[in-house]
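Asks: Structure file run.cif, mmCIF, C-alpha atoms, is pasted below:
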data_data
loop_
_atom_site.label_atom_id
_atom_site.label_comp_id
_atom_site.auth_asym_id
_atom_site.auth_seq_id
_atom_site.Cartn_x
_atom_site.Cartn_y
_atom_site.Cartn_z
CA MET A 1316 75.57 39.80 100.88
CA HIS A 1317 76.60 36.58 99.17
CA LYS A 1318 73.06 36.06 97.85
CA SER A 1319 73.07 39.56 96.39
CA LEU A 1320 76.42 39.01 94.74
CA SER A 1321 75.30 35.63 93.44
CA ARG A 1322 72.17 37.21 92.00
CA ARG A 1323 74.24 39.80 90.22
CA LEU A 1324 76.51 37.14 88.77
CA PHE A 1325 73.42 35.18 87.67
CA LEU A 1326 72.06 38.23 85.84
CA GLN A 1327 75.41 38.79 84.18
CA GLY A 1328 75.47 35.15 83.13
CA ALA A 1329 71.93 35.36 81.77
CA THR A 1330 72.90 38.39 79.71
CA ALA A 1331 75.93 36.57 78.37
CA ALA A 1332 73.79 33.53 77.51
CA PHE A 1333 71.32 35.72 75.63
CA SER A 1334 74.16 37.33 73.71
CA ALA A 1335 75.63 33.95 72.89
CA ALA A 1336 72.26 32.69 71.62
CA THR A 1337 71.87 35.80 69.48
CA MET A 1338 75.33 35.35 67.99
CA GLY A 1339 74.50 31.71 67.33
CA GLY A 1340 71.50 32.78 65.25
CA ILE A 1341 73.63 35.19 63.26
CA ALA A 1342 76.22 32.51 62.68
CA ALA A 1343 73.57 30.30 61.13
CA THR A 1344 72.87 32.90 58.43
CA ALA A 1345 76.37 34.20 57.72
CA SER A 1346 79.61 32.63 56.64
CA ALA A 1347 82.37 32.11 59.18
CA LYS A 1348 84.55 34.60 57.31
CA GLU A 1349 81.96 37.36 57.81
CA ILE A 1350 81.68 36.86 61.57
CA VAL A 1351 84.12 38.85 63.70
CA ARG A 1352 83.93 38.46 67.45
CA PRO A 1353 83.60 41.99 68.83
CA LYS A 1354 86.05 43.19 71.44
CA PRO A 1355 84.43 43.80 74.83
CA LEU A 1356 83.41 47.39 75.38
CA TYR A 1357 83.78 47.20 79.14
CA GLY A 1358 86.55 45.65 81.20
CA PRO A 1359 89.36 43.31 80.14
CA PRO A 1360 89.05 40.76 77.32
CA PRO A 1361 88.00 37.22 78.30
CA GLY A 1362 90.87 35.21 79.71
CA VAL A 1363 92.95 38.24 80.63
CA ALA A 1364 93.90 38.92 84.24
CA ARG A 1365 94.01 42.72 84.45
CA LEU A 1366 96.11 43.39 87.52
CA ASN A 1367 97.71 46.68 86.48
CA ALA A 1368 95.27 49.42 87.53
CA ASN A 1369 94.41 48.84 91.22
CA GLU A 1370 90.76 48.29 90.32
CA ASN A 1371 88.23 46.47 92.49
CA PRO A 1372 86.40 44.07 90.15
CA TYR A 1373 83.92 43.12 92.91
CA GLY A 1374 82.21 46.46 92.45
CA PRO A 1375 79.92 48.16 91.86
CA SER A 1376 78.04 46.78 94.86
CA PRO A 1377 74.52 45.37 94.46
CA ALA A 1378 73.14 48.55 96.07
CA ALA A 1379 75.14 50.69 93.64
CA LEU A 1380 73.90 48.68 90.62
CA LYS A 1381 70.31 49.19 91.72
CA ALA A 1382 70.93 52.93 92.16
CA ILE A 1383 72.63 53.13 88.74
CA MET A 1384 69.60 51.59 87.06
CA GLU A 1385 67.21 54.00 88.78
CA ALA A 1386 69.39 57.06 88.14
CA SER A 1387 69.90 56.20 84.46
CA GLN A 1388 66.18 56.61 83.95
CA LYS A 1389 66.62 60.20 85.09
CA GLY A 1390 69.63 60.81 82.89
CA ALA A 1391 67.86 63.73 81.20
CA TYR A 1392 68.40 65.88 84.29
CA TYR A 1393 71.51 67.68 85.50
CA VAL A 1394 73.09 66.54 88.74
CA TYR A 1395 72.46 69.50 91.04
CA ASP A 1396 70.45 67.59 93.65
CA SER A 1397 72.71 64.51 93.53
CA VAL A 1398 75.79 66.64 94.08
CA ALA A 1399 74.21 68.38 97.05
CA ARG A 1400 73.18 65.07 98.59
CA LEU A 1401 76.61 63.46 98.31
CA LYS A 1402 78.33 66.56 99.67
CA GLU A 1403 75.98 66.56 102.65
CA MET A 1404 76.66 62.87 103.32
CA ILE A 1405 80.44 63.36 103.29
CA ALA A 1406 80.25 66.52 105.38
CA GLU A 1407 77.98 64.90 107.97
CA ARG A 1408 80.25 61.85 108.20
CA HIS A 1409 83.20 64.08 109.22
CA GLY A 1410 81.46 66.88 111.10
CA LEU A 1411 82.12 69.45 108.36
CA THR A 1412 79.99 71.61 106.07
CA PRO A 1413 79.32 71.00 102.37
CA ASP A 1414 81.53 74.03 101.68
CA HIS A 1415 84.48 71.90 102.79
CA ILE A 1416 83.80 69.38 99.99
CA SER A 1417 84.78 69.55 96.32
CA LEU A 1418 83.45 66.81 94.04
CA GLY A 1419 85.05 65.87 90.75
CA SER A 1420 85.75 63.19 88.17
CA GLY A 1421 87.53 60.68 90.39
CA SER A 1422 90.03 62.29 92.74
CA SER A 1423 92.20 63.10 89.72
CA ALA A 1424 90.25 66.25 88.81
CA GLY A 1425 90.64 67.72 92.27
CA LEU A 1426 94.26 66.65 92.61
CA THR A 1427 95.06 68.34 89.31
CA ALA A 1428 93.35 71.54 90.45
CA ALA A 1429 95.28 71.43 93.73
CA ALA A 1430 98.54 71.04 91.81
CA ILE A 1431 97.75 74.00 89.55
CA VAL A 1432 96.94 76.23 92.52
CA ALA A 1433 100.20 75.16 94.18
CA GLY A 1434 102.20 75.54 90.97
CA ARG A 1435 101.10 79.13 90.54
CA LYS A 1436 102.67 79.89 93.93
CA GLY A 1437 105.75 77.66 94.01
CA ASN A 1438 106.90 74.06 93.81
CA ILE A 1439 105.46 70.76 95.00
CA LEU A 1440 107.47 68.65 97.42
CA GLY A 1441 106.99 64.90 97.53
CA PRO A 1442 108.83 61.63 98.20
CA ASP A 1443 110.93 60.12 95.46
CA LEU A 1444 108.16 57.66 94.63
CA PHE A 1445 104.44 58.48 94.88
CA TRP A 1446 101.39 58.74 92.61
CA ASP A 1447 102.46 61.90 90.82
CA THR A 1448 100.38 61.77 87.63
CA THR A 1449 98.27 64.79 88.57
CA SER A 1450 101.14 66.71 90.16
CA ARG A 1451 103.14 66.58 86.94
CA VAL A 1452 100.74 69.15 85.48
CA VAL A 1453 102.90 71.85 87.11
CA GLU A 1454 105.86 70.75 85.00
CA ILE A 1455 103.81 70.15 81.86
CA GLN A 1456 102.38 73.67 82.08
CA GLU A 1457 105.76 75.07 83.21
CA LEU A 1458 104.30 76.45 86.43
CA GLY A 1459 106.91 74.96 88.72
CA GLU A 1460 108.57 71.67 89.52
CA ILE A 1461 108.23 68.62 91.73
CA LYS A 1462 111.01 68.46 94.30
CA ARG A 1463 111.62 64.88 95.37
CA LEU A 1464 113.26 63.44 98.45
CA PRO A 1465 116.17 61.04 97.99
CA LYS A 1466 115.46 57.32 98.00
CA LEU A 1467 115.20 55.40 101.25
CA GLU A 1468 116.23 51.76 101.42
CA SER A 1469 113.06 50.97 103.40
CA MET A 1470 110.88 52.65 100.70
CA GLN A 1471 109.01 54.39 103.54
CA ILE A 1472 108.44 58.17 103.37
CA ASP A 1473 110.88 60.06 105.65
CA LEU A 1474 108.59 62.68 107.20
CA ASP A 1475 111.40 64.36 109.13
CA ALA A 1476 113.42 64.81 105.96
CA MET A 1477 110.35 66.06 104.16
CA TYR A 1478 109.65 68.67 106.82
CA ALA A 1479 113.29 69.80 106.72
CA ALA A 1480 113.08 70.17 102.93
CA ILE A 1481 110.21 72.69 103.07
CA ASP A 1482 111.62 76.09 102.14
CA ASP A 1483 110.28 79.33 100.68
CA THR A 1484 110.06 77.78 97.19
CA VAL A 1485 107.65 75.03 98.31
CA SER A 1486 103.95 75.88 98.19
CA MET A 1487 102.58 72.37 98.77
CA VAL A 1488 103.75 69.06 100.22
CA GLN A 1489 102.09 65.96 98.80
CA VAL A 1490 101.92 62.67 100.71
CA THR A 1491 100.13 59.61 99.34
CA ASN A 1492 99.09 57.49 102.32
CA PRO A 1493 98.93 54.54 101.90
CA ASN A 1494 101.51 55.14 99.22
CA ASN A 1495 101.21 54.09 95.60
CA PRO A 1496 103.03 52.07 94.27
CA THR A 1497 104.70 50.85 97.47
CA GLY A 1498 101.53 50.00 99.42
CA LEU A 1499 103.16 51.22 102.65
CA LEU A 1500 101.22 53.00 105.39
CA ILE A 1501 102.65 55.78 107.55
CA ASP A 1502 102.24 55.55 111.31
CA PRO A 1503 99.06 57.57 112.00
CA ILE A 1504 100.49 59.57 114.91
CA ALA A 1505 103.61 60.47 112.92
CA MET A 1506 101.46 61.46 109.94
CA ARG A 1507 99.20 63.61 112.09
CA ASN A 1508 102.11 65.40 113.77
CA PHE A 1509 103.82 66.02 110.45
CA CYS A 1510 100.68 67.50 108.89
CA ILE A 1511 100.17 69.89 111.80
CA LYS A 1512 103.77 71.14 111.64
CA ALA A 1513 104.10 71.24 107.86
CA SER A 1514 100.76 72.99 107.31
CA LYS A 1515 102.12 75.99 109.23
CA LYS A 1516 104.71 76.42 106.46
CA CYS A 1517 102.71 75.43 103.34
CA THR A 1518 99.65 73.52 102.17
CA VAL A 1519 99.71 69.77 102.86
CA LEU A 1520 97.96 67.44 100.40
CA ALA A 1521 97.18 63.99 101.80
CA ASP A 1522 96.12 61.66 99.01
CA GLU A 1523 94.08 58.99 100.80
CA ALA A 1524 92.79 57.09 97.77
CA TYR A 1525 93.46 53.73 99.48
CA ASN A 1526 92.48 54.73 103.01
CA GLU A 1527 89.33 52.59 103.15
CA LEU A 1528 91.37 49.50 102.31
CA THR A 1529 93.27 49.76 105.59
CA ASP A 1530 92.06 47.94 108.70
CA ASN A 1531 91.18 51.20 110.45
CA SER A 1532 90.16 53.97 108.07
CA ASP A 1533 89.34 56.50 110.79
CA ALA A 1534 92.67 56.03 112.58
CA ASN A 1535 94.65 56.50 109.36
CA THR A 1536 93.05 59.70 108.07
CA VAL A 1537 93.96 63.33 108.70
CA ILE A 1538 90.48 64.66 107.88
CA PRO A 1539 89.96 65.72 111.53
CA LEU A 1540 92.81 68.19 111.05
CA VAL A 1541 90.78 69.95 108.36
CA LYS A 1542 87.96 70.32 110.88
CA GLN A 1543 90.48 71.88 113.27
CA GLY A 1544 91.28 74.56 110.67
CA HIS A 1545 94.69 73.43 109.41
CA ASP A 1546 95.79 74.12 105.81
CA ILE A 1547 95.37 70.53 104.71
CA ILE A 1548 93.71 69.01 101.64
CA VAL A 1549 92.55 65.39 101.82
CA ALA A 1550 91.78 63.55 98.58
CA ARG A 1551 89.43 60.55 98.47
CA THR A 1552 87.94 58.54 95.62
CA PHE A 1553 85.17 56.03 94.89
CA SER A 1554 87.47 54.31 92.38
CA LYS A 1555 89.14 51.88 94.78
CA ILE A 1556 87.32 49.96 97.52
CA TYR A 1557 83.91 51.02 96.17
CA GLY A 1558 84.73 49.54 92.75
CA LEU A 1559 83.59 52.61 90.79
CA ALA A 1560 86.74 53.44 88.83
CA GLY A 1561 84.76 53.65 85.60
CA MET A 1562 82.05 55.79 87.16
CA ARG A 1563 84.51 58.63 87.94
CA VAL A 1564 83.54 60.13 91.29
CA GLY A 1565 85.96 61.53 93.86
CA TYR A 1566 86.30 64.41 96.27
CA LEU A 1567 88.63 66.73 98.14
CA ILE A 1568 88.14 67.94 101.71
CA ALA A 1569 89.73 71.27 102.60
CA GLN A 1570 89.07 74.70 104.08
CA PRO A 1571 86.18 76.41 102.21
CA GLU A 1572 88.44 79.18 100.88
CA LYS A 1573 90.85 76.55 99.54
CA VAL A 1574 87.96 74.66 97.91
CA GLU A 1575 86.81 77.88 96.25
CA GLU A 1576 90.33 78.56 94.99
CA MET A 1577 90.77 75.06 93.53
CA GLU A 1578 87.36 75.04 91.87
CA LYS A 1579 88.47 77.90 89.61
CA TYR A 1580 90.38 75.26 87.61
CA GLY A 1581 88.42 72.62 85.72
CA VAL A 1582 84.67 72.03 85.64
CA GLY A 1583 84.43 70.36 89.07
CA TRP A 1584 81.15 68.58 89.84
CA TYR A 1585 79.63 69.80 86.56
CA GLY A 1586 81.52 67.02 84.82
CA LEU A 1587 79.80 64.31 86.88
CA ASN A 1588 76.88 62.13 85.82
CA GLN A 1589 73.70 60.81 87.46
CA ALA A 1590 74.72 57.15 87.34
CA GLY A 1591 78.12 57.71 88.93
CA LEU A 1592 76.73 59.93 91.66
CA ALA A 1593 73.91 57.49 92.39
CA ALA A 1594 76.44 54.67 92.72
CA ALA A 1595 78.60 56.77 95.04
CA ILE A 1596 75.64 57.74 97.23
CA ALA A 1597 74.49 54.12 97.49
CA SER A 1598 78.02 52.87 98.23
CA TYR A 1599 79.23 55.49 100.69
CA GLU A 1600 77.97 53.80 103.86
CA ASP A 1601 77.78 50.25 102.50
CA HIS A 1602 80.07 48.74 105.13
CA THR A 1603 78.98 45.18 104.39
CA PHE A 1604 80.24 45.49 100.83
CA MET A 1605 83.46 47.22 101.91
CA ASP A 1606 84.19 44.49 104.46
CA TYR A 1607 83.57 41.85 101.79
CA CYS A 1608 86.03 43.54 99.41
CA ARG A 1609 88.62 44.07 102.12
CA ASN A 1610 88.56 40.36 102.93
CA LYS A 1611 88.91 39.40 99.27
CA VAL A 1612 91.88 41.76 98.89
CA LYS A 1613 93.55 40.27 101.96
CA GLU A 1614 93.04 36.76 100.58
CA ALA A 1615 94.59 37.82 97.28
CA ARG A 1616 97.56 39.46 99.02
CA GLU A 1617 98.20 36.24 100.94
CA MET A 1618 98.23 34.33 97.64
CA VAL A 1619 100.73 36.73 96.10
CA SER A 1620 102.89 36.82 99.23
CA ALA A 1621 103.12 33.03 99.27
CA ALA A 1622 103.96 32.83 95.56
CA VAL A 1623 106.58 35.55 95.83
CA LYS A 1624 108.27 33.75 98.74
CA GLU A 1625 108.10 30.36 97.03
CA ASN A 1626 109.90 31.81 94.02
CA GLY A 1627 112.71 33.40 96.01
CA LEU A 1628 111.49 36.99 95.76
CA THR A 1629 110.39 39.55 98.32
CA ALA A 1630 107.63 42.18 98.44
CA LEU A 1631 106.87 45.19 100.59
CA PRO A 1632 104.19 44.73 103.28
CA SER A 1633 101.06 46.21 101.72
CA VAL A 1634 97.80 47.43 103.27
CA THR A 1635 96.28 48.17 99.85
CA ASN A 1636 94.91 46.28 96.84
CA PHE A 1637 98.34 46.03 95.22
CA MET A 1638 101.84 44.83 96.11
CA PHE A 1639 105.32 46.06 95.17
CA VAL A 1640 107.50 43.06 94.35
CA ASN A 1641 111.30 43.11 94.33
CA LEU A 1642 112.51 41.15 91.29
CA GLY A 1643 116.14 41.18 92.38
CA ASP A 1644 118.36 41.52 89.30
CA LEU A 1645 115.49 41.30 86.81
CA ASN A 1646 114.05 44.20 84.82
CA ALA A 1647 110.45 45.09 85.70
CA GLU A 1648 109.52 46.17 82.19
CA THR A 1649 110.79 42.92 80.69
CA PHE A 1650 108.93 41.06 83.43
CA ARG A 1651 105.73 42.98 82.58
CA ALA A 1652 106.05 42.08 78.89
CA GLU A 1653 106.66 38.42 79.68
CA MET A 1654 103.67 38.27 82.03
CA GLU A 1655 101.51 39.80 79.31
CA LYS A 1656 102.38 36.82 77.12
CA GLU A 1657 100.66 34.75 79.82
CA ASN A 1658 97.59 37.06 79.62
CA VAL A 1659 98.48 38.63 82.95
CA TYR A 1660 98.64 42.44 82.89
CA ILE A 1661 100.76 44.16 85.57
CA ARG A 1662 102.73 47.41 85.81
CA GLY A 1663 106.27 47.95 84.58
CA ILE A 1664 109.02 50.29 85.76
CA TYR A 1665 108.30 53.29 87.97
CA ARG A 1666 110.85 56.06 87.46
CA ASP A 1667 114.25 54.39 87.95
CA TYR A 1668 113.04 51.58 90.21
CA THR A 1669 113.95 49.14 87.48
CA ASN A 1670 113.67 45.94 89.51
CA TRP A 1671 110.37 46.69 91.31
CA SER A 1672 107.08 45.39 89.91
CA ARG A 1673 103.56 46.36 91.02
CA VAL A 1674 100.70 43.85 90.82
CA SER A 1675 97.08 44.65 91.71
CA MET A 1676 94.68 42.36 93.55
CA GLY A 1677 91.76 41.33 91.34
CA PHE A 1678 89.39 38.37 91.24
CA LEU A 1679 91.00 35.43 93.02
CA GLU A 1680 91.05 33.41 89.81
CA ASP A 1681 92.99 36.24 88.13
CA VAL A 1682 95.43 36.42 91.02
CA GLN A 1683 95.85 32.66 90.62
CA LYS A 1684 96.84 33.26 86.99
CA TYR A 1685 99.55 35.60 88.24
CA THR A 1686 100.86 33.11 90.80
CA SER A 1687 100.81 30.28 88.23
CA ALA A 1688 102.59 32.37 85.59
CA LEU A 1689 105.22 33.68 88.01
CA PRO A 1690 107.57 30.64 88.07
CA LYS A 1691 107.28 30.15 84.28
CA VAL A 1692 108.18 33.77 83.55
CA LEU A 1693 111.01 33.86 86.08
CA HIS A 1694 112.42 30.69 84.53
CA ARG A 1695 112.31 32.24 81.05
CA MET A 1696 114.06 35.37 82.30
CA SER A 1697 116.77 33.58 84.29
#
Render the structure in this file as structure tokens.
Replies:
Amino acid sequence: MHKSLSRRLFLQGATAAFSAATMGGIAATASAKEIVRPKPLYGPPPGVARLNANENPYGPSPAALKAIMEASQKGAYYVYDSVARLKEMIAERHGLTPDHISLGSGSSAGLTAAAIVAGRKGNILGPDLFWDTTSRVVEIQELGEIKRLPKLESMQIDLDAMYAAIDDTVSMVQVTNPNNPTGLLIDPIAMRNFCIKASKKCTVLADEAYNELTDNSDANTVIPLVKQGHDIIVARTFSKIYGLAGMRVGYLIAQPEKVEEMEKYGVGWYGLNQAGLAAAIASYEDHTFMDYCRNKVKEAREMVSAAVKENGLTALPSVTNFMFVNLGDLNAETFRAEMEKENVYIRGIYRDYTNWSRVSMGFLEDVQKYTSALPKVLHRMS
């Protein structure tokens, strides 16, 4: 694994060296005023620690990169066969049929379709704080509204309160587990019991984008409940642990009739591409790579946890590739802007959680930039 990763880094370095040599030749024939260093087309600028998007910079895996190269040579062809293959892999993994699977551009496409279907029937119920970007389509299109539970001091989702809040106006309950931006994981037995009860009253959407980052993916998923016939939608993505955020592949798992209903909205798998699908297929069962990434994320979280504690702050216990830090009396948006001055990009305020700041786990050297900048920024803001 390490040899493969080292080889990839060597190839990247060789490409950079070639580019540098080429630019050197140009510089010899043009004046300094005429030369403008181009901005990078892919990824963050040099020297910038991009820790604001929950990306996994260790991906794509070596196997995915090889598959991308091969698939790109067949870019002239539509993705029918690739779609069928990935659906079959996912279905086989969970003892389902391909009709239970809906592929799309990341999980966002499917989540948006699920929200539209729900909004045409009623409202969406969710916790006060969750990843609601796709759900907000119901309010943007004036289909319905998002009903939110009151805040909890623990920041954990109150499943009992959520179940009690389901009434005739609610068509779908949405639970992000592990939650974003808190990073908290719901007890798997409690989550399972809630989904069984709640799905008798309305559709339950379990957004499991960060599931594979937990220590036990199978224990923390409710996909088996779909197999049992419950009205549950499970969303997954290749954007997180697989490191394919820019390749845009995700999927929903649900009852076939629900999949058919959701696929009426958007273009579904037709918007996918050969390279992204090839990367997803190559990555799906690459447990060596996933273990490698999980360990790197844990190491980064330990670095952030130590820095937060050393600087008199606290953070929620996270099982994901990000952490939610309590800044005390400080403003999270001001903190974000000050960290950006140190070339460290993080997230600002979520809703009215003005003193909570989310930071993603990236390359360890980028996380080190965050931990080094933290005391300087806090001192400036104090």
Asks: Around all the atoms of segment 1457-1472 of chain A listed in the file, with 5 Å of room on each side, what axis-aligned box do you get, giving centre and edge lengths in Å to one decimal, as AutoDock Vina command-line options?
Replies:
--center_x 110.3 --center_y 63.7 --center_z 93.4 --size_x 21.9 --size_y 35.5 --size_z 30.3
Asks: Could you expand the PyMOL selection byres ((chain A and resi 1552) around 12) into the explicit residues it covers here, written as a PyMOL selection string?
Replies: chain A and resi 1370+1405+1417-1426+1522-1528+1549-1551+1553-1568+1591-1592+1595+1598-1599
Asks: May I have a table of the residues of segment 1545-1582 of chain A lying at most 12 Å from segment 1428-1432 of chain A, giving each one's closest pair of atoms and their distance in Å to one decimal, counting only C-alpha atoms, ordered by chain and ascending residue number, as CSV?
Replies:
residue,atom,partner,partner_atom,distance
A:Ile1547,CA,A:Ala1429,CA,11.0
A:Ile1548,CA,A:Ala1429,CA,8.4
A:Val1549,CA,A:Ala1429,CA,10.5
A:Ala1550,CA,A:Ala1429,CA,9.9
A:Tyr1566,CA,A:Ala1428,CA,11.6
A:Leu1567,CA,A:Ala1429,CA,9.3
A:Ile1568,CA,A:Ala1429,CA,11.3
A:Ala1569,CA,A:Ala1429,CA,10.5
A:Lys1573,CA,A:Ala1429,CA,8.9
A:Val1574,CA,A:Ala1429,CA,9.0
A:Glu1575,CA,A:Ala1428,CA,10.8
A:Glu1576,CA,A:Val1432,CA,7.4
A:Met1577,CA,A:Ala1428,CA,5.3
A:Glu1578,CA,A:Ala1428,CA,7.1
A:Lys1579,CA,A:Ala1428,CA,8.1
A:Tyr1580,CA,A:Ala1428,CA,5.5
A:Gly1581,CA,A:Ala1428,CA,6.9
A:Val1582,CA,A:Ala1428,CA,9.9
Asks: Just give me the residues with any atom within 10 Å of (95.6, 43.9, 94.5), file coordinates, counting all atoms listed in the file, written as a short mmCIF file (atom, residue, chain, number, x, y, z; two decimals) with C-alpha atoms, in the frame of the given file.
Replies:
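To be explicit, this is the file written out as part-v3.cif:
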data_model
loop_
_atom_site.label_atom_id
_atom_site.label_comp_id
_atom_site.auth_asym_id
_atom_site.auth_seq_id
_atom_site.Cartn_x
_atom_site.Cartn_y
_atom_site.Cartn_z
CA LEU A 1366 96.11 43.39 87.52
CA ASN A 1367 97.71 46.68 86.48
CA ALA A 1368 95.27 49.42 87.53
CA ASN A 1369 94.41 48.84 91.22
CA GLU A 1370 90.76 48.29 90.32
CA ASN A 1371 88.23 46.47 92.49
CA GLY A 1498 101.53 50.00 99.42
CA LYS A 1611 88.91 39.40 99.27
CA VAL A 1612 91.88 41.76 98.89
CA LYS A 1613 93.55 40.27 101.96
CA GLU A 1614 93.04 36.76 100.58
CA ALA A 1615 94.59 37.82 97.28
CA ARG A 1616 97.56 39.46 99.02
CA VAL A 1619 100.73 36.73 96.10
CA SER A 1633 101.06 46.21 101.72
CA VAL A 1634 97.80 47.43 103.27
CA THR A 1635 96.28 48.17 99.85
CA ASN A 1636 94.91 46.28 96.84
CA PHE A 1637 98.34 46.03 95.22
CA MET A 1638 101.84 44.83 96.11
CA PHE A 1639 105.32 46.06 95.17
CA ARG A 1673 103.56 46.36 91.02
CA VAL A 1674 100.70 43.85 90.82
CA SER A 1675 97.08 44.65 91.71
CA MET A 1676 94.68 42.36 93.55
CA GLY A 1677 91.76 41.33 91.34
CA PHE A 1678 89.39 38.37 91.24
CA LEU A 1679 91.00 35.43 93.02
CA VAL A 1682 95.43 36.42 91.02
#
Asks: Under the PyMOL selection byres ((chain A and resi 1653) around 12), which residues of this model are included? Write them out as a list in words.
Replies: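 That selection, the PyMOL selection byres ((chain A and resi 1653) around 12), comes back as Leu1645, Asn1646, Ala1647, Glu1648, Thr1649, Phe1650, Arg1651, Ala1652, Met1654, Glu1655, Lys1656, Glu1657, Asn1658, Val1659, Tyr1660, Ile1661, Arg1662, Gly1663, Tyr1685, Ala1688, Leu1689, Pro1690, Lys1691, Val1692, Leu1693, His1694, Arg1695 and Met1696 of chain A.
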Asks: Only C-alpha atoms, please: the residues just picked out, written as a short mmCIF file (atom, residue, chain, number, x, y, z; two decimals), in the coordinates of the input.
Replies:
data_model
loop_
_atom_site.label_atom_id
_atom_site.label_comp_id
_atom_site.auth_asym_id
_atom_site.auth_seq_id
_atom_site.Cartn_x
_atom_site.Cartn_y
_atom_site.Cartn_z
CA LEU A 1645 115.49 41.30 86.81
CA ASN A 1646 114.05 44.20 84.82
CA ALA A 1647 110.45 45.09 85.70
CA GLU A 1648 109.52 46.17 82.19
CA THR A 1649 110.79 42.92 80.69
CA PHE A 1650 108.93 41.06 83.43
CA ARG A 1651 105.73 42.98 82.58
CA ALA A 1652 106.05 42.08 78.89
CA MET A 1654 103.67 38.27 82.03
CA GLU A 1655 101.51 39.80 79.31
CA LYS A 1656 102.38 36.82 77.12
CA GLU A 1657 100.66 34.75 79.82
CA ASN A 1658 97.59 37.06 79.62
CA VAL A 1659 98.48 38.63 82.95
CA TYR A 1660 98.64 42.44 82.89
CA ILE A 1661 100.76 44.16 85.57
CA ARG A 1662 102.73 47.41 85.81
CA GLY A 1663 106.27 47.95 84.58
CA TYR A 1685 99.55 35.60 88.24
CA ALA A 1688 102.59 32.37 85.59
CA LEU A 1689 105.22 33.68 88.01
CA PRO A 1690 107.57 30.64 88.07
CA LYS A 1691 107.28 30.15 84.28
CA VAL A 1692 108.18 33.77 83.55
CA LEU A 1693 111.01 33.86 86.08
CA HIS A 1694 112.42 30.69 84.53
CA ARG A 1695 112.31 32.24 81.05
CA MET A 1696 114.06 35.37 82.30
#
Asks: Nearest to Leu1628 of chain A: which of A:Trp1671, A:His1602, A:Ala1597, A:Pro1360 is it, counting only C-alpha atoms?
Replies: A:Trp1671
Asks: Would you please work out which residue, of A:Gln1570, A:Asn1494, A:Lys1462, A:Leu1500, is nearest to Thr1412 of chain A when using only C-alpha atoms?
Replies: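 Closest to Thr1412 of chain A of all the choices is A:Gln1570.
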Asks: Can you pull out the residues contacting segment 1439-1446 of chain A? Cut-off 7 Å, using all atoms listed in the file, and skip same-chain residues under 3 positions away; I want them as a PDB file with C-alpha atoms, keeping the file's coordinate frame.
Replies:
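This is the output file around-v9.pdb:
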ATOM      1  CA  ALA A1433     100.200  75.160  94.180  1.00  0.00           C
ATOM      2  CA  GLU A1460     108.570  71.670  89.520  1.00  0.00           C
ATOM      3  CA  ILE A1461     108.230  68.620  91.730  1.00  0.00           C
ATOM      4  CA  LYS A1462     111.010  68.460  94.300  1.00  0.00           C
ATOM      5  CA  ARG A1463     111.620  64.880  95.370  1.00  0.00           C
ATOM      6  CA  LEU A1464     113.260  63.440  98.450  1.00  0.00           C
ATOM      7  CA  PRO A1465     116.170  61.040  97.990  1.00  0.00           C
ATOM      8  CA  LYS A1466     115.460  57.320  98.000  1.00  0.00           C
ATOM      9  CA  ILE A1472     108.440  58.170 103.370  1.00  0.00           C
ATOM     10  CA  VAL A1485     107.650  75.030  98.310  1.00  0.00           C
ATOM     11  CA  SER A1486     103.950  75.880  98.190  1.00  0.00           C
ATOM     12  CA  MET A1487     102.580  72.370  98.770  1.00  0.00           C
ATOM     13  CA  VAL A1488     103.750  69.060 100.220  1.00  0.00           C
ATOM     14  CA  GLN A1489     102.090  65.960  98.800  1.00  0.00           C
ATOM     15  CA  VAL A1490     101.920  62.670 100.710  1.00  0.00           C
ATOM     16  CA  THR A1491     100.130  59.610  99.340  1.00  0.00           C
ATOM     17  CA  ASN A1494     101.510  55.140  99.220  1.00  0.00           C
ATOM     18  CA  ASN A1495     101.210  54.090  95.600  1.00  0.00           C
ATOM     19  CA  PRO A1496     103.030  52.070  94.270  1.00  0.00           C
TER      20      PRO A1496
END
Asks: Could you tell me how far atom CA of Ala1590 of chain A sits from atom CA of Ala1386 of chain A, in Å to one decimal place?
Replies: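 The value is 5.4 Å.
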Asks: How many Å separate atom CA of Val1541 of chain A from atom CA of Ala1505 of chain A?
Replies: 16.6 Å
Asks: Quick check, in Å to one decimal: how far apart do atom CA of Pro1361 of chain A and atom CA of Pro1377 of chain A lie?
Replies: 22.6 Å
Asks: Could you list, as a ChimeraX atom specification, every residue matched by the PyMOL selection byres ((chain A and resi 1512) around 12) in this structure?
Replies: /A:1474-1475,1477-1479,1481,1488,1505-1511,1513-1519,1540,1545-1547
